[in-house]
Amino acid sequence: MSSAFDDVLSANAVYAQSFRLSGLEPVAARGLGLVTCMDSRIEPLTMLGLRPGDAKILRNAGARVTDDTLRTLVLAVYLLGVERVLIMPHTKCKMASVSGDDEVHDLIRDQYGVDTRSLEFHTDNDQLGALRHDLERVRHHPLLPDGLPVAGALYDVDTGKLEIVDE
């Protein structure tokens with residue numbers, strides 16, 4: 001019987017034959033917590049000179065600091081060795097190219113007949129403003145340590161370059 005996942009299961013079988021990460025510690029070896037987008041054009045380890053185990057990578061649509069992102073950062077800081085946080089959205093992000101959540105809800109409803117209004121997508125076409133807002137949410141979260149280094153950077157999907165926006 002064929003499965004929609006045969007390709008990934010086959011690739012995993014090949015990967016497992018030469019698996020070398022057994023025994024890797026669960027902490028962020030380089031103390032980095034990275035919040036970035038789920039966009040498949042972003043290769044966080046390679047682009048930042050990291051290896052498996054170096055960082056805790058949190059990905060979501062638009063690289064937004066949601067309540068769940070904050071929950072995960074609290075765990076990462078206290079239990080998983082995160083000592084600094086980089087929030088990294090990217091250019092040409094779909095979540096920053098719409099006028100707001102209403103536009104996305106309407107698009108999904110019109111094209112697929114699904115009402116998504118029970119969800120908040122956190123879209124914002126002022127990408128740098130949204131980034132600064134998210135930086136402040138992390139910097140001032142009452143459960144995160146005072147003085148936790150937090151920076152924001154914009155990744156350019158056309159050049160591969162990272163530009164610090166707020167440090």
# chains A, B, ... in the order shown; residues from 1 in each chain; ligands from 1

call {"tool": "residues_around", "arguments": {"residues": "A:Pro26", "least_positions_apart": "5", "cutoff": "9 Å", "atoms": "only C-alpha atoms", "output": "JSON, numbers by chain"}}
result
{"A": [53, 80, 81]}

call {"tool": "select_by_dssp", "arguments": {"residues": "chain A", "states": "strand (DSSP E or B)", "output": "list of chain:residue names"}}
result
A:Leu32, A:Gly33, A:Leu34, A:Val35, A:Thr36, A:Cys37, A:Ala55, A:Lys56, A:Ile57, A:Leu58, A:Arg59, A:Asn60, A:Arg84, A:Val85, A:Leu86, A:Ile87, A:Met88, A:His90, A:Val150, A:Ala151, A:Gly152, A:Ala153, A:Leu154, A:Tyr155, A:Leu162, A:Glu163, A:Ile164, A:Val165, A:Asp166

call {"tool": "closest_atom_pairs", "arguments": {"of": "stretch 26-100 of chain A", "to": "stretch 125-148 of chain A", "cutoff": "8 Å", "atoms": "only C-alpha atoms", "output": "CSV"}}
result
residue,atom,partner,partner_atom,distance
A:Arg64,CA,A:Asp134,CA,6.7
A:Val65,CA,A:Asp134,CA,5.4
A:Leu70,CA,A:Val138,CA,7.1
A:Val74,CA,A:Leu144,CA,6.1
A:Val77,CA,A:Leu144,CA,7.6
A:Glu83,CA,A:Leu148,CA,6.7
A:Arg84,CA,A:Leu148,CA,6.0
A:Val85,CA,A:Leu148,CA,7.7
A:Ile87,CA,A:Leu135,CA,7.3
A:Pro89,CA,A:Leu131,CA,7.6
A:Met95,CA,A:Asn125,CA,7.4
A:Ala96,CA,A:Asn125,CA,4.3
A:Ser97,CA,A:Asn125,CA,5.5
A:Val98,CA,A:Asn125,CA,6.0
A:Ser99,CA,A:Asn125,CA,5.9
A:Gly100,CA,A:Asn125,CA,7.1

call {"tool": "write_last_selection", "arguments": {"atoms": "N, CA, C and O atoms", "output": "PDB file, in the first residue's frame"}}
result
ATOM      1  N   ARG A  64       6.897  34.879  14.505  1.00  0.00           N
ATOM      2  CA  ARG A  64       6.277  35.735  15.515  1.00  0.00           C
ATOM      3  C   ARG A  64       6.450  35.152  16.917  1.00  0.00           C
ATOM      4  O   ARG A  64       6.469  33.945  17.111  1.00  0.00           O
ATOM      5  N   VAL A  65       6.557  36.052  17.888  1.00  0.00           N
ATOM      6  CA  VAL A  65       6.630  35.659  19.283  1.00  0.00           C
ATOM      7  C   VAL A  65       5.197  35.579  19.812  1.00  0.00           C
ATOM      8  O   VAL A  65       4.599  36.573  20.177  1.00  0.00           O
ATOM      9  N   LEU A  70       6.710  32.124  23.704  1.00  0.00           N
ATOM     10  CA  LEU A  70       7.205  32.546  25.020  1.00  0.00           C
ATOM     11  C   LEU A  70       7.275  31.373  25.984  1.00  0.00           C
ATOM     12  O   LEU A  70       8.251  31.230  26.729  1.00  0.00           O
ATOM     13  N   VAL A  74      10.769  30.121  27.738  1.00  0.00           N
ATOM     14  CA  VAL A  74      10.956  29.970  29.187  1.00  0.00           C
ATOM     15  C   VAL A  74      11.555  28.590  29.486  1.00  0.00           C
ATOM     16  O   VAL A  74      12.532  28.472  30.236  1.00  0.00           O
ATOM     17  N   VAL A  77      15.235  28.471  28.236  1.00  0.00           N
ATOM     18  CA  VAL A  77      16.182  29.222  29.066  1.00  0.00           C
ATOM     19  C   VAL A  77      16.492  28.469  30.361  1.00  0.00           C
ATOM     20  O   VAL A  77      17.650  28.327  30.747  1.00  0.00           O
ATOM     21  N   GLU A  83      20.855  30.903  26.458  1.00  0.00           N
ATOM     22  CA  GLU A  83      21.388  32.068  27.162  1.00  0.00           C
ATOM     23  C   GLU A  83      21.228  33.353  26.374  1.00  0.00           C
ATOM     24  O   GLU A  83      21.568  34.435  26.860  1.00  0.00           O
ATOM     25  N   ARG A  84      20.738  33.249  25.142  1.00  0.00           N
ATOM     26  CA  ARG A  84      20.531  34.409  24.270  1.00  0.00           C
ATOM     27  C   ARG A  84      19.479  34.034  23.239  1.00  0.00           C
ATOM     28  O   ARG A  84      19.328  32.854  22.899  1.00  0.00           O
ATOM     29  N   VAL A  85      18.763  35.042  22.757  1.00  0.00           N
ATOM     30  CA  VAL A  85      17.659  34.788  21.838  1.00  0.00           C
ATOM     31  C   VAL A  85      17.792  35.704  20.614  1.00  0.00           C
ATOM     32  O   VAL A  85      17.977  36.915  20.753  1.00  0.00           O
ATOM     33  N   ILE A  87      15.619  36.711  17.222  1.00  0.00           N
ATOM     34  CA  ILE A  87      14.355  36.618  16.500  1.00  0.00           C
ATOM     35  C   ILE A  87      14.649  37.024  15.063  1.00  0.00           C
ATOM     36  O   ILE A  87      15.162  38.111  14.804  1.00  0.00           O
ATOM     37  N   PRO A  89      12.901  37.087  11.410  1.00  0.00           N
ATOM     38  CA  PRO A  89      11.997  36.969  10.264  1.00  0.00           C
ATOM     39  C   PRO A  89      12.805  37.097   8.968  1.00  0.00           C
ATOM     40  O   PRO A  89      14.037  37.265   9.008  1.00  0.00           O
ATOM     41  N   MET A  95       3.416  36.194   5.498  1.00  0.00           N
ATOM     42  CA  MET A  95       2.722  36.740   6.666  1.00  0.00           C
ATOM     43  C   MET A  95       2.958  38.236   6.829  1.00  0.00           C
ATOM     44  O   MET A  95       2.257  38.898   7.575  1.00  0.00           O
ATOM     45  N   ALA A  96       3.943  38.786   6.120  1.00  0.00           N
ATOM     46  CA  ALA A  96       4.212  40.222   6.171  1.00  0.00           C
ATOM     47  C   ALA A  96       3.771  40.919   4.889  1.00  0.00           C
ATOM     48  O   ALA A  96       3.944  42.120   4.746  1.00  0.00           O
ATOM     49  N   SER A  97       3.203  40.163   3.963  1.00  0.00           N
ATOM     50  CA  SER A  97       2.819  40.754   2.672  1.00  0.00           C
ATOM     51  C   SER A  97       1.316  40.939   2.533  1.00  0.00           C
ATOM     52  O   SER A  97       0.855  41.355   1.485  1.00  0.00           O
ATOM     53  N   VAL A  98       0.575  40.640   3.574  1.00  0.00           N
ATOM     54  CA  VAL A  98      -0.879  40.808   3.546  1.00  0.00           C
ATOM     55  C   VAL A  98      -1.254  41.964   4.463  1.00  0.00           C
ATOM     56  O   VAL A  98      -0.483  42.362   5.333  1.00  0.00           O
ATOM     57  N   SER A  99      -2.463  42.478   4.267  1.00  0.00           N
ATOM     58  CA  SER A  99      -2.890  43.637   5.059  1.00  0.00           C
ATOM     59  C   SER A  99      -3.290  43.270   6.472  1.00  0.00           C
ATOM     60  O   SER A  99      -3.435  44.137   7.318  1.00  0.00           O
ATOM     61  N   GLY A 100      -3.487  42.003   6.740  1.00  0.00           N
ATOM     62  CA  GLY A 100      -3.842  41.585   8.088  1.00  0.00           C
ATOM     63  C   GLY A 100      -4.478  40.209   8.087  1.00  0.00           C
ATOM     64  O   GLY A 100      -4.652  39.579   7.036  1.00  0.00           O
TER      65      GLY A 100
END

call {"tool": "residues_around", "arguments": {"residues": "A:Cys93", "least_positions_apart": "2", "cutoff": "12 Å", "atoms": "only C-alpha atoms", "output": "PyMOL selection string"}}
result
chain A and resi 36-42+60-64+88-91+95-98+123-127+154-158

call {"tool": "write_last_selection", "arguments": {"atoms": "C-alpha atoms", "output": "mmCIF file, in the first residue's frame"}}
result
data_model
loop_
_atom_site.group_PDB
_atom_site.id
_atom_site.type_symbol
_atom_site.label_atom_id
_atom_site.label_comp_id
_atom_site.auth_asym_id
_atom_site.auth_seq_id
_atom_site.Cartn_x
_atom_site.Cartn_y
_atom_site.Cartn_z
ATOM 1 C CA THR A 36 12.380 32.074 12.855
ATOM 2 C CA CYS A 37 9.816 31.386 10.171
ATOM 3 C CA MET A 38 8.711 27.999 8.907
ATOM 4 C CA ASP A 39 9.634 29.088 5.367
ATOM 5 C CA SER A 40 11.570 26.299 3.654
ATOM 6 C CA ARG A 41 14.046 28.811 2.166
ATOM 7 C CA ILE A 42 15.583 29.224 5.613
ATOM 8 C CA ASN A 60 6.269 29.370 13.046
ATOM 9 C CA ALA A 61 4.528 31.356 10.328
ATOM 10 C CA GLY A 62 6.099 34.807 10.259
ATOM 11 C CA ALA A 63 8.678 34.176 13.015
ATOM 12 C CA ARG A 64 6.277 35.735 15.515
ATOM 13 C CA MET A 88 14.793 36.293 12.747
ATOM 14 C CA PRO A 89 11.997 36.969 10.264
ATOM 15 C CA HIS A 90 12.832 37.100 6.553
ATOM 16 C CA THR A 91 12.222 39.092 3.416
ATOM 17 C CA MET A 95 2.722 36.740 6.666
ATOM 18 C CA ALA A 96 4.212 40.222 6.171
ATOM 19 C CA SER A 97 2.819 40.754 2.672
ATOM 20 C CA VAL A 98 -0.879 40.808 3.546
ATOM 21 C CA THR A 123 0.124 38.806 10.258
ATOM 22 C CA ASP A 124 1.592 42.309 10.085
ATOM 23 C CA ASN A 125 2.691 44.141 6.961
ATOM 24 C CA ASP A 126 4.916 46.365 9.131
ATOM 25 C CA GLN A 127 7.473 43.599 9.486
ATOM 26 C CA LEU A 154 16.145 40.184 9.080
ATOM 27 C CA TYR A 155 17.230 37.361 6.782
ATOM 28 C CA ASP A 156 17.274 38.136 3.068
ATOM 29 C CA VAL A 157 16.024 35.099 1.127
ATOM 30 C CA ASP A 158 17.590 36.425 -2.093
#

call {"tool": "atom_distance", "arguments": {"atom1": "atom CA of A:Asp106", "atom2": "atom CA of A:Thr69"}}
result
25.8 Å

call {"tool": "select_by_dssp", "arguments": {"residues": "stretch 77-118 of chain A", "states": "helix (DSSP H, G or I)", "output": "list in words"}}
result
Val77, Tyr78, Leu79, Lys94, Met95, Ala96, Asp101, Asp102, Glu103, Val104, His105, Asp106, Leu107, Ile108, Arg109, Asp110, Gln111 and Tyr112 of chain A

call {"tool": "closest_residue", "arguments": {"among": "A:Pro52, A:Gly152, A:Gly160, A:Gly23", "to": "A:Val35", "atoms": "only C-alpha atoms"}}
result
A:Gly152

call {"tool": "atom_distance", "arguments": {"atom1": "atom CA of A:Gln17", "atom2": "atom CA of A:Lys56"}}
result
25.1 Å

call {"tool": "atom_distance", "arguments": {"atom1": "atom CA of A:Thr72", "atom2": "atom CA of A:Asp101"}}
result
23.7 Å

call {"tool": "residues_around", "arguments": {"residues": "A:Leu86", "least_positions_apart": "2", "cutoff": "6 Å", "atoms": "only C-alpha atoms", "output": "CSV table (one decimal) with N, CA and C atoms, in the first residue's frame"}}
result
chain,number,residue,atom,x,y,z
A,34,LEU,N,16.7,30.5,18.8
A,34,LEU,CA,16.4,31.1,17.5
A,34,LEU,C,14.9,31.0,17.2
A,150,VAL,N,18.8,39.7,23.8
A,150,VAL,CA,17.8,39.4,22.8
A,150,VAL,C,18.1,40.4,21.6
A,151,ALA,N,18.1,39.8,20.4
A,151,ALA,CA,18.3,40.6,19.2
A,151,ALA,C,17.4,40.2,18.1
A,152,GLY,N,17.2,41.2,17.2
A,152,GLY,CA,16.3,40.9,16.1
A,152,GLY,C,17.2,41.1,14.8
